[in-house]
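Enquirer: Can you keep this structure in mind? I'll have questions shortly.
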Amino acid sequence: MTWAFIYLVALLVGLVLATVTGLLRDLRNLSRHHHLVVPHPDQQSAFFALLGRRLAVGSFLFGFVGLAMGARKMSHPSITFPVAVGAGLVGFILGLGLYRRPRVRTIHGDTATVVRDIPSGGYGQIRLERQGGSVVLAAQNLDHTPIPAGSEVEVVDSTRSVVTVRKQTRG
């Protein structure tokens with residue numbers, strides 16, 4: 001087994017982890033929309049949210065730097081390996097800084113429109129208009145009474161992946 005093989009495996013492991021954890025998709029979205037869209041914490045496993053992406057960046061940089069330096073015939077493994085390890089550690093630390101737990105953007109108190117009936121004790125959908133765009137979210141009624149489509153509702157709780165709403169009273 002050669003050093004080049006080890007670096008190549010590390011680079012490929014980094015790419016696979018980046019794909020599995022959604023890092024590549026998020027970076028593609030970042031380049032297109034200039035803002036990082038991170039899934040709600042309810043939709044991420046603890047391993048991938050806390051460690052997977054950082055390992056992906058560190059492993060990729062370790063492999064990339066090792067292969068790049070190893071391609072130079074003058075580079076000796078006693079120099080290449082510590083530099084590659086350093087690059088991997090820098091990537092892991094940068095991953096800590098780049099991928100912090102997302103702040104929950106509160107939509108508490110916003111008005112939305114029901115687009116799919118919310119049955120008593122069940123789930124429906126609402127459309128929330130915000131900053132020139134709209135988003136459809138799963139919703140549950142706080143009062144456990146049915147709310148028909150087309151009704152105006154107020155968002156009461158948005159800390160979970162399903163928002164809690166209550167029917168607006170016109171007064």
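Every chain in the structure tokens has a letter given in the order shown (A, B, ...), and although residue numbers restart at 1 in each chain, ligands are simply numbered from 1 in the order shown.
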Can you list, as a ChimeraX atom specification, every protein, DNA or RNA residue that comes within 8 Å of Phe64 in chain A when you count only C-alpha atoms, leaving out same-chain residues fewer than 2 positions away?
Expert: /A:7-8,11,60-62,66-68,84
Enquirer: Kindly save the residues from that selection, with N, CA and C atoms included, as a short mmCIF file (atom, residue, chain, number, x, y, z; two decimals), in the first residue's frame.
Expert:
data_model
loop_
_atom_site.label_atom_id
_atom_site.label_comp_id
_atom_site.auth_asym_id
_atom_site.auth_seq_id
_atom_site.Cartn_x
_atom_site.Cartn_y
_atom_site.Cartn_z
N TYR A 7 -3.82 8.58 0.44
CA TYR A 7 -4.35 9.93 0.20
C TYR A 7 -5.58 9.89 -0.71
N LEU A 8 -5.54 9.02 -1.72
CA LEU A 8 -6.68 8.88 -2.62
C LEU A 8 -7.90 8.35 -1.88
N LEU A 11 -9.33 11.15 0.22
CA LEU A 11 -10.04 12.10 -0.62
C LEU A 11 -11.42 11.55 -1.01
N PHE A 60 -11.20 15.25 3.04
CA PHE A 60 -10.97 15.69 1.66
C PHE A 60 -9.67 16.50 1.56
N LEU A 61 -9.49 17.45 2.47
CA LEU A 61 -8.27 18.28 2.42
C LEU A 61 -7.02 17.45 2.70
N PHE A 62 -7.08 16.51 3.64
CA PHE A 62 -5.95 15.62 3.90
C PHE A 62 -5.57 14.88 2.62
N GLY A 66 -2.24 15.73 0.33
CA GLY A 66 -1.31 14.60 0.23
C GLY A 66 -1.05 14.21 -1.22
N LEU A 67 -2.11 14.13 -2.02
CA LEU A 67 -1.94 13.78 -3.44
C LEU A 67 -1.19 14.87 -4.19
N ALA A 68 -1.52 16.13 -3.92
CA ALA A 68 -0.86 17.24 -4.61
C ALA A 68 0.63 17.28 -4.29
N ALA A 84 -0.14 17.23 5.14
CA ALA A 84 -1.49 16.75 4.81
C ALA A 84 -2.35 16.64 6.07
#
Enquirer: Using only C-alpha atoms, which protein or nucleic acid residues come within 12 Å of Val135 in chain A? Drop anything in the same chain fewer than 4 positions from it, and give the result as a PyMOL selection string.
Expert: chain A and resi 107+112-115+125-131
Enquirer: For the residues selected in the previous step, produce a file with C-alpha atoms as a compact mmCIF listing (two decimals), in the first residue's frame.
Expert:
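Contents of result-v9.txt, as written:
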# COMPACT_ATOMS: atom_id res chain seq x y z
CA ILE A 107 -42.17 33.26 12.21
CA ALA A 112 -50.57 32.61 6.78
CA THR A 113 -53.27 31.09 4.57
CA VAL A 114 -54.44 27.49 4.91
CA VAL A 115 -53.96 25.69 1.58
CA GLN A 125 -50.70 22.87 5.14
CA ILE A 126 -50.31 26.63 5.21
CA ARG A 127 -48.74 29.09 2.79
CA LEU A 128 -46.60 31.73 4.41
CA GLU A 129 -45.76 34.82 2.36
CA ARG A 130 -42.46 36.36 3.41
CA GLN A 131 -39.91 38.70 1.83
Enquirer: Rounded to one decimal in Å, what is the spacing between CA of Pro119 in chain A and CA of Ala139 in chain A?
Expert: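 Taking CA of Pro119 in chain A as the start and CA of Ala139 in chain A as the end point, the length is 10.2 Å.
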Enquirer: Rounded to one decimal place, report the CA of Thr159 in chain A-CA of Ala18 in chain A distance in Å.
Expert: 27.1 Å
Enquirer: I'd like the interatomic distance between CA of Leu89 in chain A and CA of His76 in chain A, to a tenth of an Å.
Expert: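 It comes out at 20.3 Å.
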Enquirer: Applying 9 Å and only C-alpha atoms, which residues near Lys167 in chain A remain after dropping the ones on its own chain fewer than 6 positions away? List them as a short mmCIF file (atom, residue, chain, number, x, y, z; two decimals) with N, CA and C atoms, in the first residue's frame.
Expert:
data_model
loop_
_atom_site.label_atom_id
_atom_site.label_comp_id
_atom_site.auth_asym_id
_atom_site.auth_seq_id
_atom_site.Cartn_x
_atom_site.Cartn_y
_atom_site.Cartn_z
N ASN A 141 -53.38 22.68 14.19
CA ASN A 141 -54.14 23.71 14.89
C ASN A 141 -53.95 23.59 16.40
N LEU A 142 -53.67 24.70 17.04
CA LEU A 142 -53.49 24.76 18.49
C LEU A 142 -54.76 24.34 19.22
N ASP A 143 -55.93 24.73 18.68
CA ASP A 143 -57.21 24.48 19.34
C ASP A 143 -57.82 23.12 19.01
N ILE A 147 -59.88 23.58 10.48
CA ILE A 147 -59.76 24.89 9.82
C ILE A 147 -59.79 24.61 8.32
N SER A 151 -58.70 29.81 4.91
CA SER A 151 -58.78 30.58 6.15
C SER A 151 -57.44 31.24 6.46
N GLU A 152 -57.52 32.37 7.13
CA GLU A 152 -56.32 33.06 7.61
C GLU A 152 -56.00 32.54 9.01
N VAL A 153 -54.72 32.24 9.24
CA VAL A 153 -54.29 31.74 10.54
C VAL A 153 -53.07 32.53 11.02
N GLU A 154 -52.84 32.46 12.32
CA GLU A 154 -51.66 33.08 12.92
C GLU A 154 -50.72 31.97 13.37
#
Enquirer: Please determine, counting only C-alpha atoms, which residue among A:Val90, A:Val162, A:Val20, A:Ala149 has the shortest atom-to-atom distance to Arg53 in chain A.
Expert: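 Among the listed residues, the smallest separation from Arg53 in chain A belongs to A:Val20.
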Enquirer: Between A:Gly121, A:Gly14, A:Pro146, A:Gly63, which one has atoms that come closest to Pro82 in chain A, using only C-alpha atoms?
Expert: A:Gly63
Enquirer: Quick one: pick out all strand (DSSP E) residues within range 43-165 of chain A from a backbone DSSP run and write them as number ranges by chain.
Expert: A: 111-116, 123-130, 133-141, 152-157, 163-165
Enquirer: Next, write the just-selected residues to a file, as a short mmCIF file (atom, residue, chain, number, x, y, z; two decimals), in the first residue's frame, keeping C-alpha atoms as the atom set.
Expert:
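Result written to out.cif:
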data_model
loop_
_atom_site.label_atom_id
_atom_site.label_comp_id
_atom_site.auth_asym_id
_atom_site.auth_seq_id
_atom_site.Cartn_x
_atom_site.Cartn_y
_atom_site.Cartn_z
CA THR A 111 -50.20 35.50 9.22
CA ALA A 112 -50.57 32.61 6.78
CA THR A 113 -53.27 31.09 4.57
CA VAL A 114 -54.44 27.49 4.91
CA VAL A 115 -53.96 25.69 1.58
CA ARG A 116 -54.95 22.17 2.72
CA TYR A 123 -52.22 18.05 10.03
CA GLY A 124 -52.74 20.33 7.06
CA GLN A 125 -50.70 22.87 5.14
CA ILE A 126 -50.31 26.63 5.21
CA ARG A 127 -48.74 29.09 2.79
CA LEU A 128 -46.60 31.73 4.41
CA GLU A 129 -45.76 34.82 2.36
CA ARG A 130 -42.46 36.36 3.41
CA GLY A 133 -41.62 34.67 -1.66
CA SER A 134 -43.86 32.01 -0.26
CA VAL A 135 -43.34 28.69 1.45
CA VAL A 136 -45.76 25.85 2.16
CA LEU A 137 -45.42 24.34 5.63
CA ALA A 138 -47.06 21.47 7.49
CA ALA A 139 -49.34 22.83 10.21
CA GLN A 140 -51.41 21.71 13.17
CA ASN A 141 -54.14 23.71 14.89
CA GLU A 152 -56.32 33.06 7.61
CA VAL A 153 -54.29 31.74 10.54
CA GLU A 154 -51.66 33.08 12.92
CA VAL A 155 -48.43 31.13 13.47
CA VAL A 156 -48.15 30.39 17.21
CA ASP A 157 -45.10 28.09 17.36
CA VAL A 163 -45.78 24.73 12.82
CA THR A 164 -48.64 25.31 15.24
CA VAL A 165 -51.32 27.79 14.17
#
Enquirer: Of the candidates A:Pro148, A:Ile93, A:Thr21, A:Gly88, which one gets nearest to Asp117 in chain A if we count only C-alpha atoms?
Expert: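 Ranking A:Pro148, A:Ile93, A:Thr21, A:Gly88 by distance to Asp117 in chain A, first place goes to A:Pro148.
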Enquirer: Using only C-alpha atoms, which residue out of A:Gly70, A:Gly122, A:Gly58, A:Ser78 lies closest to Gly91 in chain A?
Expert: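 Looking only at the distances to Gly91 in chain A, the closest residue turns out to be A:Gly58.
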Enquirer: So which one's closest to Arg72 in chain A, A:Ala4, A:Gln168, A:Arg160, A:Val85? Using only C-alpha atoms, please.
Expert: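 Answer, going by the shortest atom-to-atom distance: A:Ala4.
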Enquirer: Which of these residues is nearest to Arg166 in chain A, using only C-alpha atoms: A:Ser59, A:Leu12, A:Ser120, A:Gly86?
Expert: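 Nearest to Arg166 in chain A: A:Ser120.
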